[in-house]
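S.K.: Input file: coords-v6.pdb. Contents: PDB, C-alpha atoms, pLDDT in the B column.
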```
ATOM      1  CA  GLY C 234     -56.026  41.188  35.635  1.00 30.00           C
ATOM      2  CA  CYS C 235     -54.433  40.099  32.356  1.00 34.00           C
ATOM      3  CA  CYS C 236     -51.308  42.129  33.045  1.00 35.00           C
ATOM      4  CA  SER C 237     -50.960  41.342  36.747  1.00 33.00           C
ATOM      5  CA  LEU C 238     -47.504  40.099  37.653  1.00 35.00           C
ATOM      6  CA  TYR C 239     -48.829  38.444  40.767  1.00 32.00           C
ATOM      7  CA  SER C 240     -51.942  36.671  39.469  1.00 30.00           C
ATOM      8  CA  SER C 241     -52.791  33.093  40.308  1.00 29.00           C
ATOM      9  CA  PRO C 242     -52.837  30.711  37.334  1.00 29.00           C
ATOM     10  CA  TYR C 243     -56.007  31.193  35.352  1.00 27.00           C
ATOM     11  CA  GLN C 244     -57.270  31.203  31.831  1.00 29.00           C
ATOM     12  CA  SER C 245     -59.647  33.799  30.507  1.00 29.00           C
ATOM     13  CA  SER C 246     -61.128  34.394  27.087  1.00 30.00           C
ATOM     14  CA  PHE C 247     -61.387  37.737  25.357  1.00 29.00           C
ATOM     15  CA  SER C 248     -63.362  38.233  22.169  1.00 31.00           C
ATOM     16  CA  LYS C 249     -62.727  40.889  19.552  1.00 33.00           C
ATOM     17  CA  HIS C 250     -59.950  42.563  21.499  1.00 35.00           C
ATOM     18  CA  ASP C 251     -59.334  46.030  20.063  1.00 40.00           C
ATOM     19  CA  ASN C 252     -55.637  46.369  19.226  1.00 39.00           C
ATOM     20  CA  ASN C 253     -56.065  50.081  18.510  1.00 42.00           C
ATOM     21  CA  ASP C 254     -54.885  49.627  14.949  1.00 40.00           C
ATOM     22  CA  GLY C 255     -58.129  48.556  13.337  1.00 40.00           C
ATOM     23  CA  ARG C 256     -57.717  44.818  13.964  1.00 36.00           C
ATOM     24  CA  ASN C 257     -59.819  42.597  16.189  1.00 37.00           C
ATOM     25  CA  THR C 258     -58.424  39.362  17.532  1.00 38.00           C
ATOM     26  CA  ASP C 259     -59.936  36.420  19.397  1.00 37.00           C
ATOM     27  CA  TYR C 260     -57.557  34.791  21.840  1.00 32.00           C
ATOM     28  CA  LYS C 261     -57.178  33.097  25.193  1.00 32.00           C
ATOM     29  CA  GLN C 262     -54.692  34.069  27.837  1.00 34.00           C
ATOM     30  CA  THR C 263     -52.998  32.072  30.566  1.00 33.00           C
ATOM     31  CA  VAL C 264     -51.028  33.621  33.403  1.00 35.00           C
ATOM     32  CA  VAL C 265     -48.562  31.720  35.576  1.00 39.00           C
ATOM     33  CA  THR C 266     -47.895  32.674  39.189  1.00 43.00           C
ATOM     34  CA  THR C 267     -44.726  34.675  39.657  1.00 46.00           C
ATOM     35  CA  PRO C 268     -43.242  32.370  42.353  1.00 47.00           C
ATOM     36  CA  ASP C 269     -43.717  29.275  40.177  1.00 51.00           C
ATOM     37  CA  PHE C 270     -42.384  31.106  37.151  1.00 49.00           C
ATOM     38  CA  ILE C 271     -39.242  32.213  38.987  1.00 47.00           C
ATOM     39  CA  VAL C 272     -38.432  28.687  40.104  1.00 47.00           C
ATOM     40  CA  THR C 273     -39.112  27.363  36.607  1.00 48.00           C
ATOM     41  CA  ILE C 274     -36.811  29.910  34.985  1.00 46.00           C
ATOM     42  CA  HIS C 275     -34.061  29.360  37.544  1.00 48.00           C
ATOM     43  CA  THR C 276     -34.054  25.594  37.045  1.00 47.00           C
ATOM     44  CA  SER C 277     -34.026  26.036  33.247  1.00 45.00           C
ATOM     45  CA  SER C 278     -37.017  23.716  32.973  1.00 43.00           C
ATOM     46  CA  MET C 279     -39.536  25.402  30.726  1.00 44.00           C
ATOM     47  CA  THR C 280     -41.925  22.433  30.496  1.00 43.00           C
ATOM     48  CA  THR C 281     -44.019  23.540  33.476  1.00 42.00           C
ATOM     49  CA  ALA C 282     -44.301  27.113  32.287  1.00 43.00           C
ATOM     50  CA  ASN C 283     -45.095  26.067  28.732  1.00 46.00           C
ATOM     51  CA  SER C 284     -47.923  23.863  29.958  1.00 44.00           C
ATOM     52  CA  HIS C 285     -49.630  27.032  31.199  1.00 42.00           C
ATOM     53  CA  ALA C 286     -48.775  29.404  28.376  1.00 46.00           C
ATOM     54  CA  HIS C 287     -49.986  28.927  24.837  1.00 47.00           C
ATOM     55  CA  ILE C 288     -50.914  32.393  23.684  1.00 49.00           C
ATOM     56  CA  PHE C 289     -49.284  35.562  22.402  1.00 55.00           C
ATOM     57  CA  VAL C 290     -46.644  33.427  20.648  1.00 70.00           C
ATOM     58  CA  SER C 291     -46.515  35.690  17.616  1.00 74.00           C
ATOM     59  CA  VAL C 292     -47.897  38.871  19.182  1.00 76.00           C
ATOM     60  CA  PRO C 293     -45.487  41.832  19.583  1.00 86.00           C
ATOM     61  CA  SER C 294     -46.982  43.012  22.860  1.00 90.00           C
ATOM     62  CA  ALA C 295     -45.770  44.318  26.209  1.00 91.00           C
ATOM     63  CA  HIS C 296     -46.724  41.095  27.979  1.00 89.00           C
ATOM     64  CA  CYS C 297     -43.004  40.322  27.799  1.00 91.00           C
ATOM     65  CA  TYR C 298     -42.476  42.888  30.579  1.00 93.00           C
ATOM     66  CA  MET C 299     -44.028  40.565  33.161  1.00 88.00           C
ATOM     67  CA  LYS C 300     -41.221  38.057  32.712  1.00 89.00           C
ATOM     68  CA  VAL C 301     -38.442  40.625  32.550  1.00 93.00           C
ATOM     69  CA  ILE C 302     -38.709  42.031  36.079  1.00 90.00           C
ATOM     70  CA  PRO C 303     -38.277  38.824  38.125  1.00 87.00           C
ATOM     71  CA  VAL C 304     -35.593  37.492  35.776  1.00 92.00           C
ATOM     72  CA  VAL C 305     -33.548  40.699  35.933  1.00 94.00           C
ATOM     73  CA  SER C 306     -33.923  40.639  39.712  1.00 89.00           C
ATOM     74  CA  LEU C 307     -32.332  37.189  39.669  1.00 88.00           C
ATOM     75  CA  TYR C 308     -29.614  37.720  37.084  1.00 92.00           C
ATOM     76  CA  ALA C 309     -28.635  41.408  37.177  1.00 94.00           C
ATOM     77  CA  GLY C 310     -24.883  41.609  36.707  1.00 94.00           C
ATOM     78  CA  GLU C 311     -24.575  38.114  35.250  1.00 94.00           C
ATOM     79  CA  LEU C 312     -23.127  37.673  31.757  1.00 94.00           C
ATOM     80  CA  ASP C 313     -26.081  35.561  30.636  1.00 94.00           C
ATOM     81  CA  MET C 314     -28.769  37.946  31.906  1.00 95.00           C
ATOM     82  CA  LEU C 315     -30.091  38.862  28.451  1.00 96.00           C
ATOM     83  CA  ASP C 316     -30.081  35.207  27.398  1.00 95.00           C
ATOM     84  CA  ARG C 317     -32.132  34.354  30.470  1.00 94.00           C
ATOM     85  CA  VAL C 318     -34.547  37.163  29.669  1.00 95.00           C
ATOM     86  CA  LYS C 319     -34.954  35.865  26.121  1.00 95.00           C
ATOM     87  CA  GLU C 320     -35.578  32.363  27.428  1.00 93.00           C
ATOM     88  CA  ALA C 321     -38.234  33.647  29.811  1.00 92.00           C
ATOM     89  CA  ILE C 322     -40.009  35.739  27.181  1.00 92.00           C
ATOM     90  CA  MET C 323     -40.093  32.780  24.811  1.00 91.00           C
ATOM     91  CA  VAL C 324     -42.209  30.827  27.282  1.00 87.00           C
ATOM     92  CA  ASN C 325     -45.175  32.358  25.476  1.00 85.00           C
ATOM     93  CA  GLN C 326     -43.805  34.911  23.004  1.00 89.00           C
ATOM     94  CA  THR C 327     -41.486  34.116  20.119  1.00 90.00           C
ATOM     95  CA  ASN C 328     -42.034  37.335  18.221  1.00 91.00           C
ATOM     96  CA  PRO C 329     -38.594  38.960  17.676  1.00 94.00           C
ATOM     97  CA  LYS C 330     -39.985  42.394  18.480  1.00 94.00           C
ATOM     98  CA  ALA C 331     -41.247  41.220  21.883  1.00 94.00           C
ATOM     99  CA  ILE C 332     -37.859  39.649  22.612  1.00 96.00           C
ATOM    100  CA  HIS C 333     -35.813  42.693  21.593  1.00 97.00           C
ATOM    101  CA  PHE C 334     -37.978  45.219  23.412  1.00 97.00           C
ATOM    102  CA  GLY C 335     -38.062  42.925  26.441  1.00 97.00           C
ATOM    103  CA  GLN C 336     -34.271  42.785  26.438  1.00 98.00           C
ATOM    104  CA  ALA C 337     -34.147  46.574  26.113  1.00 98.00           C
ATOM    105  CA  VAL C 338     -36.295  46.869  29.237  1.00 98.00           C
ATOM    106  CA  ALA C 339     -34.040  44.339  30.964  1.00 97.00           C
ATOM    107  CA  THR C 340     -30.998  46.446  30.080  1.00 98.00           C
ATOM    108  CA  LEU C 341     -32.651  49.515  31.579  1.00 98.00           C
ATOM    109  CA  LEU C 342     -33.643  47.768  34.801  1.00 97.00           C
ATOM    110  CA  GLU C 343     -30.330  45.961  35.230  1.00 97.00           C
ATOM    111  CA  ASN C 344     -28.382  49.205  35.084  1.00 97.00           C
ATOM    112  CA  LEU C 345     -30.729  50.856  37.568  1.00 96.00           C
ATOM    113  CA  LEU C 346     -30.503  47.922  39.974  1.00 94.00           C
ATOM    114  CA  LEU C 347     -26.708  47.984  39.750  1.00 95.00           C
ATOM    115  CA  GLY C 348     -26.570  51.647  40.735  1.00 94.00           C
ATOM    116  CA  SER C 349     -26.762  53.721  37.560  1.00 95.00           C
ATOM    117  CA  ASN C 350     -28.938  56.811  37.562  1.00 93.00           C
ATOM    118  CA  LEU C 351     -31.880  57.023  35.178  1.00 94.00           C
ATOM    119  CA  LYS C 352     -30.032  59.090  32.567  1.00 94.00           C
ATOM    120  CA  THR C 353     -27.167  56.599  32.349  1.00 95.00           C
ATOM    121  CA  ALA C 354     -29.535  53.624  32.273  1.00 96.00           C
ATOM    122  CA  LEU C 355     -31.432  55.167  29.356  1.00 96.00           C
ATOM    123  CA  GLU C 356     -28.136  55.655  27.529  1.00 96.00           C
ATOM    124  CA  LYS C 357     -27.390  51.960  28.031  1.00 97.00           C
ATOM    125  CA  VAL C 358     -30.664  51.090  26.311  1.00 98.00           C
ATOM    126  CA  VAL C 359     -29.525  53.063  23.262  1.00 97.00           C
ATOM    127  CA  GLU C 360     -26.180  51.231  23.354  1.00 97.00           C
ATOM    128  CA  PHE C 361     -28.046  47.913  23.457  1.00 97.00           C
ATOM    129  CA  ALA C 362     -30.052  48.912  20.388  1.00 97.00           C
ATOM    130  CA  ILE C 363     -26.971  50.045  18.462  1.00 96.00           C
ATOM    131  CA  THR C 364     -24.704  47.100  19.275  1.00 95.00           C
ATOM    132  CA  GLY C 365     -27.469  44.572  18.696  1.00 95.00           C
ATOM    133  CA  GLY C 366     -28.680  46.154  15.478  1.00 95.00           C
ATOM    134  CA  HIS C 367     -32.201  46.458  16.868  1.00 96.00           C
ATOM    135  CA  ASP C 368     -33.467  49.276  14.659  1.00 96.00           C
ATOM    136  CA  GLU C 369     -37.021  49.288  16.024  1.00 96.00           C
ATOM    137  CA  VAL C 370     -35.734  49.753  19.571  1.00 97.00           C
ATOM    138  CA  MET C 371     -33.432  52.531  18.386  1.00 97.00           C
ATOM    139  CA  ASP C 372     -36.262  54.260  16.515  1.00 97.00           C
ATOM    140  CA  ALA C 373     -38.466  54.091  19.612  1.00 97.00           C
ATOM    141  CA  CYS C 374     -35.710  55.583  21.786  1.00 97.00           C
ATOM    142  CA  LEU C 375     -35.109  58.465  19.385  1.00 96.00           C
ATOM    143  CA  ARG C 376     -38.809  59.138  19.029  1.00 97.00           C
ATOM    144  CA  ALA C 377     -39.374  59.112  22.787  1.00 96.00           C
ATOM    145  CA  LEU C 378     -36.484  61.508  23.336  1.00 95.00           C
ATOM    146  CA  GLY C 379     -37.658  63.888  20.622  1.00 95.00           C
ATOM    147  CA  ASP C 380     -41.288  63.846  21.742  1.00 95.00           C
ATOM    148  CA  ALA C 381     -40.288  64.481  25.364  1.00 94.00           C
ATOM    149  CA  LYS C 382     -39.051  67.912  24.315  1.00 91.00           C
ATOM    150  CA  SER C 383     -42.180  69.106  22.568  1.00 92.00           C
ATOM    151  CA  LYS C 384     -45.298  66.938  22.930  1.00 95.00           C
ATOM    152  CA  SER C 385     -47.870  66.046  25.569  1.00 94.00           C
ATOM    153  CA  VAL C 386     -48.461  62.393  26.380  1.00 95.00           C
ATOM    154  CA  GLU C 387     -51.881  62.595  24.720  1.00 94.00           C
ATOM    155  CA  GLU C 388     -50.251  63.823  21.500  1.00 95.00           C
ATOM    156  CA  VAL C 389     -47.686  61.030  21.669  1.00 96.00           C
ATOM    157  CA  VAL C 390     -50.198  58.175  21.955  1.00 95.00           C
ATOM    158  CA  GLN C 391     -52.474  59.758  19.360  1.00 95.00           C
ATOM    159  CA  ALA C 392     -49.664  59.909  16.801  1.00 96.00           C
ATOM    160  CA  LEU C 393     -48.538  56.355  17.555  1.00 96.00           C
ATOM    161  CA  GLY C 394     -52.089  55.157  16.959  1.00 95.00           C
ATOM    162  CA  GLU C 395     -52.493  57.055  13.709  1.00 95.00           C
ATOM    163  CA  GLU C 396     -49.245  55.560  12.409  1.00 95.00           C
ATOM    164  CA  GLY C 397     -50.302  52.006  13.272  1.00 94.00           C
ATOM    165  CA  LEU C 398     -47.631  51.634  15.946  1.00 93.00           C
ATOM    166  CA  GLY C 399     -49.936  50.628  18.778  1.00 93.00           C
ATOM    167  CA  GLY C 400     -51.352  53.857  20.119  1.00 93.00           C
ATOM    168  CA  ARG C 401     -52.954  53.220  23.502  1.00 93.00           C
ATOM    169  CA  SER C 402     -52.755  49.425  23.277  1.00 93.00           C
ATOM    170  CA  SER C 403     -50.157  47.015  24.675  1.00 92.00           C
ATOM    171  CA  LYS C 404     -48.733  46.599  21.188  1.00 93.00           C
ATOM    172  CA  LEU C 405     -45.056  47.323  20.633  1.00 95.00           C
ATOM    173  CA  PRO C 406     -43.404  49.701  19.950  1.00 95.00           C
ATOM    174  CA  SER C 407     -46.009  52.042  21.474  1.00 96.00           C
ATOM    175  CA  ALA C 408     -46.033  50.263  24.850  1.00 96.00           C
ATOM    176  CA  PHE C 409     -42.279  50.900  25.005  1.00 97.00           C
ATOM    177  CA  THR C 410     -42.169  54.368  23.443  1.00 97.00           C
ATOM    178  CA  VAL C 411     -44.712  55.958  25.793  1.00 97.00           C
ATOM    179  CA  PRO C 412     -43.057  54.860  29.082  1.00 97.00           C
ATOM    180  CA  LEU C 413     -39.659  55.820  27.678  1.00 97.00           C
ATOM    181  CA  TYR C 414     -41.054  59.235  26.740  1.00 97.00           C
ATOM    182  CA  LEU C 415     -42.174  59.691  30.357  1.00 96.00           C
ATOM    183  CA  LEU C 416     -38.779  58.545  31.656  1.00 96.00           C
ATOM    184  CA  TYR C 417     -36.989  61.038  29.405  1.00 95.00           C
ATOM    185  CA  LYS C 418     -39.259  63.776  30.745  1.00 93.00           C
ATOM    186  CA  ALA C 419     -38.368  62.736  34.293  1.00 91.00           C
ATOM    187  CA  VAL C 420     -34.661  62.993  33.456  1.00 89.00           C
ATOM    188  CA  ALA C 421     -35.175  66.452  31.976  1.00 83.00           C
ATOM    189  CA  ASP C 422     -37.016  67.674  35.082  1.00 73.00           C
ATOM    190  CA  ALA C 423     -34.326  66.786  37.623  1.00 69.00           C
ATOM    191  CA  GLU C 424     -30.979  65.032  37.903  1.00 71.00           C
ATOM    192  CA  GLU C 425     -32.161  62.712  40.679  1.00 78.00           C
ATOM    193  CA  THR C 426     -35.389  60.710  40.512  1.00 82.00           C
ATOM    194  CA  THR C 427     -37.869  61.840  43.164  1.00 84.00           C
ATOM    195  CA  ASP C 428     -41.205  60.683  44.568  1.00 86.00           C
ATOM    196  CA  ALA C 429     -42.864  63.636  42.844  1.00 87.00           C
ATOM    197  CA  GLN C 430     -41.502  62.520  39.470  1.00 89.00           C
ATOM    198  CA  TYR C 431     -42.715  58.977  40.100  1.00 90.00           C
ATOM    199  CA  THR C 432     -46.220  60.173  40.944  1.00 90.00           C
ATOM    200  CA  ASP C 433     -46.387  62.599  38.023  1.00 92.00           C
ATOM    201  CA  ALA C 434     -45.208  59.991  35.507  1.00 93.00           C
ATOM    202  CA  ILE C 435     -47.755  57.436  36.730  1.00 92.00           C
ATOM    203  CA  ARG C 436     -50.525  60.026  36.494  1.00 93.00           C
ATOM    204  CA  GLN C 437     -49.441  60.997  32.985  1.00 94.00           C
ATOM    205  CA  ASN C 438     -49.520  57.327  32.013  1.00 95.00           C
ATOM    206  CA  ILE C 439     -53.080  57.072  33.328  1.00 94.00           C
ATOM    207  CA  LEU C 440     -54.082  60.168  31.358  1.00 92.00           C
ATOM    208  CA  ALA C 441     -52.721  58.523  28.212  1.00 93.00           C
ATOM    209  CA  ALA C 442     -55.536  55.967  28.698  1.00 92.00           C
ATOM    210  CA  GLY C 443     -55.808  52.601  26.986  1.00 93.00           C
ATOM    211  CA  ASP C 444     -53.661  49.741  28.271  1.00 92.00           C
ATOM    212  CA  THR C 445     -52.179  51.721  31.151  1.00 93.00           C
ATOM    213  CA  CYS C 446     -51.209  48.599  33.099  1.00 91.00           C
ATOM    214  CA  SER C 447     -48.803  47.256  30.462  1.00 92.00           C
ATOM    215  CA  ARG C 448     -46.976  50.572  30.283  1.00 95.00           C
ATOM    216  CA  ALA C 449     -47.013  50.882  34.078  1.00 94.00           C
ATOM    217  CA  ILE C 450     -45.060  47.630  34.485  1.00 93.00           C
ATOM    218  CA  LEU C 451     -42.066  49.238  32.780  1.00 95.00           C
ATOM    219  CA  LEU C 452     -42.633  52.757  34.055  1.00 95.00           C
ATOM    220  CA  GLY C 453     -43.211  51.881  37.706  1.00 92.00           C
ATOM    221  CA  ALA C 454     -40.358  49.387  37.882  1.00 93.00           C
ATOM    222  CA  ALA C 455     -37.858  51.796  36.326  1.00 95.00           C
ATOM    223  CA  LEU C 456     -38.818  54.784  38.459  1.00 94.00           C
ATOM    224  CA  ALA C 457     -38.872  52.758  41.672  1.00 91.00           C
ATOM    225  CA  ALA C 458     -35.471  51.258  40.873  1.00 92.00           C
ATOM    226  CA  ALA C 459     -34.096  54.710  40.055  1.00 92.00           C
ATOM    227  CA  SER C 460     -35.384  56.333  43.240  1.00 89.00           C
ATOM    228  CA  GLY C 461     -34.899  53.349  45.536  1.00 87.00           C
ATOM    229  CA  SER C 462     -38.537  52.666  46.360  1.00 86.00           C
ATOM    230  CA  VAL C 463     -42.166  53.229  45.488  1.00 86.00           C
ATOM    231  CA  PRO C 464     -43.378  56.481  47.122  1.00 87.00           C
ATOM    232  CA  ALA C 465     -44.877  55.886  50.564  1.00 86.00           C
ATOM    233  CA  ASP C 466     -48.188  57.576  49.735  1.00 85.00           C
ATOM    234  CA  ILE C 467     -48.716  55.190  46.820  1.00 84.00           C
ATOM    235  CA  LYS C 468     -47.788  52.140  48.896  1.00 83.00           C
ATOM    236  CA  ASP C 469     -50.188  53.272  51.627  1.00 86.00           C
ATOM    237  CA  LYS C 470     -53.039  53.354  49.111  1.00 85.00           C
ATOM    238  CA  THR C 471     -52.296  49.861  47.807  1.00 85.00           C
ATOM    239  CA  SER C 472     -54.612  47.092  48.996  1.00 88.00           C
ATOM    240  CA  SER C 473     -53.249  44.615  51.520  1.00 87.00           C
ATOM    241  CA  ASP C 474     -53.982  41.756  49.119  1.00 90.00           C
ATOM    242  CA  VAL C 475     -51.748  43.253  46.436  1.00 86.00           C
ATOM    243  CA  VAL C 476     -49.021  43.964  48.996  1.00 84.00           C
ATOM    244  CA  SER C 477     -49.210  40.346  50.143  1.00 88.00           C
ATOM    245  CA  ARG C 478     -48.783  39.086  46.578  1.00 87.00           C
ATOM    246  CA  VAL C 479     -45.831  41.388  45.978  1.00 81.00           C
ATOM    247  CA  GLN C 480     -44.177  40.184  49.170  1.00 84.00           C
ATOM    248  CA  LYS C 481     -44.756  36.552  48.184  1.00 86.00           C
ATOM    249  CA  ALA C 482     -43.139  37.142  44.795  1.00 81.00           C
ATOM    250  CA  SER C 483     -40.223  38.988  46.398  1.00 79.00           C
ATOM    251  CA  LYS C 484     -39.624  36.162  48.851  1.00 83.00           C
ATOM    252  CA  SER C 485     -39.562  33.715  45.940  1.00 80.00           C
ATOM    253  CA  ILE C 486     -36.791  35.712  44.269  1.00 75.00           C
ATOM    254  CA  ILE C 487     -34.830  35.989  47.514  1.00 78.00           C
ATOM    255  CA  SER C 488     -35.176  32.265  48.223  1.00 81.00           C
ATOM    256  CA  VAL C 489     -33.657  31.426  44.845  1.00 73.00           C
ATOM    257  CA  LEU C 490     -30.831  33.915  45.333  1.00 69.00           C
ATOM    258  CA  ASN C 491     -30.040  32.375  48.705  1.00 67.00           C
TER     259      ASN C 491
END
```
Have the structure of the file written as structure tokens, please.
M.R.:
Amino acid sequence: GCCSLYSSPYQSSFSKHDNNDGRNTDYKQTVVTTPDFIVTIHTSSMTTANSHAHIFVSVPSAHCYMKVIPVVSLYAGELDMLDRVKEAIMVNQTNPKAIHFGQAVATLLENLLLGSNLKTALEKVVEFAITGGHDEVMDACLRALGDAKSKSVEEVVQALGEEGLGGRSSKLPSAFTVPLYLLYKAVADAEETTDAQYTDAIRQNILAAGDTCSRAILLGAALAAASGSVPADIKDKTSSDVVSRVQKASKSIISVLN
């Protein structure tokens, strides 16, 4: 629930949340509906969104991904796309790492939505890291690429945990490195992204355990954008309630674009 892009506004408390790096944190979380969030971002009025979001301000976590997808859908191809993404992330995260990794994800998705294949889109992420001087993003890209050639996903998350980089949690850079690792493996398997690659990558993400949903936001969005759609067999297994929420969010984006 805490990572659902289509949740209704709610506030829930979590005590002693295990961050997979030996720390426990008490915090509260607030989630804003995607349709309301889209309208708020588009009108550049952050007051409404800020009234709902008070947590994760300093946390370098993958919760930034939830804002990236609708904003990129609105502003792909626009010169201020990355600025808009930053503005959206800062509704409830001001940590530089969350902003930079969120913008890296936005770069990936924008290129896929504008017609690039997955290999080219991944190259654009590296370019973003180099030109922006975002060393942590660059390190994560290089690590993901190297690990894709020799390690299993279980070995990847285990090492990231042992090094205090997030492991199986939603903490960055791990929540970026693991999906990128799976995307690099997909590129190595075939030139074009297929339904089989989508399904295999999602299953591998599940096997990695931990905060699978945070990683799946990036992984699922990128693979679906690269292949043109979510595989039919996965859509058929999705509950009608979730489908309804996705459609509602999509209509909100389309209404703003129109």
S.K.: My list of candidates is C:Ser407, C:Thr427, C:Ser488, C:Ser473. Which is closest to Lys330 in chain C when distances are computed with only C-alpha atoms?
M.R.: C:Ser407
S.K.: Between C:Gly461, C:Pro406, C:Gly397, C:Gly379, which one has atoms that come closest to Lys418 in chain C, using all atoms listed in the file?
M.R.: C:Gly379
S.K.: Tell me which residues the PyMOL selection byres ((chain C and resi 293) around 12) grabs here, as an mmCIF file with C-alpha atoms, keeping the file's coordinate frame.
M.R.:
```cif
data_model
loop_
_atom_site.group_PDB
_atom_site.id
_atom_site.type_symbol
_atom_site.label_atom_id
_atom_site.label_comp_id
_atom_site.auth_asym_id
_atom_site.auth_seq_id
_atom_site.Cartn_x
_atom_site.Cartn_y
_atom_site.Cartn_z
ATOM 1 C CA ASN C 252 -55.637 46.369 19.226
ATOM 2 C CA ILE C 288 -50.914 32.393 23.684
ATOM 3 C CA PHE C 289 -49.284 35.562 22.402
ATOM 4 C CA VAL C 290 -46.644 33.427 20.648
ATOM 5 C CA SER C 291 -46.515 35.690 17.616
ATOM 6 C CA VAL C 292 -47.897 38.871 19.182
ATOM 7 C CA SER C 294 -46.982 43.012 22.860
ATOM 8 C CA ALA C 295 -45.770 44.318 26.209
ATOM 9 C CA HIS C 296 -46.724 41.095 27.979
ATOM 10 C CA CYS C 297 -43.004 40.322 27.799
ATOM 11 C CA TYR C 298 -42.476 42.888 30.579
ATOM 12 C CA ILE C 322 -40.009 35.739 27.181
ATOM 13 C CA MET C 323 -40.093 32.780 24.811
ATOM 14 C CA ASN C 325 -45.175 32.358 25.476
ATOM 15 C CA GLN C 326 -43.805 34.911 23.004
ATOM 16 C CA THR C 327 -41.486 34.116 20.119
ATOM 17 C CA ASN C 328 -42.034 37.335 18.221
ATOM 18 C CA PRO C 329 -38.594 38.960 17.676
ATOM 19 C CA LYS C 330 -39.985 42.394 18.480
ATOM 20 C CA ALA C 331 -41.247 41.220 21.883
ATOM 21 C CA ILE C 332 -37.859 39.649 22.612
ATOM 22 C CA HIS C 333 -35.813 42.693 21.593
ATOM 23 C CA PHE C 334 -37.978 45.219 23.412
ATOM 24 C CA GLY C 335 -38.062 42.925 26.441
ATOM 25 C CA GLU C 369 -37.021 49.288 16.024
ATOM 26 C CA LEU C 398 -47.631 51.634 15.946
ATOM 27 C CA GLY C 399 -49.936 50.628 18.778
ATOM 28 C CA SER C 402 -52.755 49.425 23.277
ATOM 29 C CA SER C 403 -50.157 47.015 24.675
ATOM 30 C CA LYS C 404 -48.733 46.599 21.188
ATOM 31 C CA LEU C 405 -45.056 47.323 20.633
ATOM 32 C CA PRO C 406 -43.404 49.701 19.950
ATOM 33 C CA SER C 407 -46.009 52.042 21.474
ATOM 34 C CA ALA C 408 -46.033 50.263 24.850
ATOM 35 C CA PHE C 409 -42.279 50.900 25.005
#
```
S.K.: Please evaluate the PyMOL selection byres ((chain C and resi 301) around 12) against the displayed coordinates and give the resulting residues as a PyMOL selection string.
M.R.: chain C and resi 238+267+270-271+274+295-300+302-309+314-324+331-343+450-451+454-455
S.K.: Please indicate the distance in Å from CA of Leu346 in chain C to CA of Ile435 in chain C, rounded to one decimal place.
M.R.: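 Value for the CA of Leu346 in chain C-CA of Ile435 in chain C distance: 20.0 Å.
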S.K.: Name the residues captured by the PyMOL selection byres ((chain C and resi 438) around 12) when it is applied to the shown file; answer as number ranges by chain.
M.R.: C: 385-387, 389-390, 401, 408-416, 431-437, 439-453
S.K.: Quick check, in Å to one decimal: how far apart do CA of Ile363 in chain C and CA of Asn344 in chain C lie?
M.R.: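 A separation of 16.7 Å between them.
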S.K.: Do you have the CA of Val358 in chain C-CA of Arg376 in chain C distance handy?
M.R.: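 It comes out at 13.6 Å.
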S.K.: Name all residues at most 9 Å from Asn350 in chain C (count all atoms listed in the file; drop same-chain ones fewer than 2 positions away) and give them as a count of residues only.
M.R.: 12
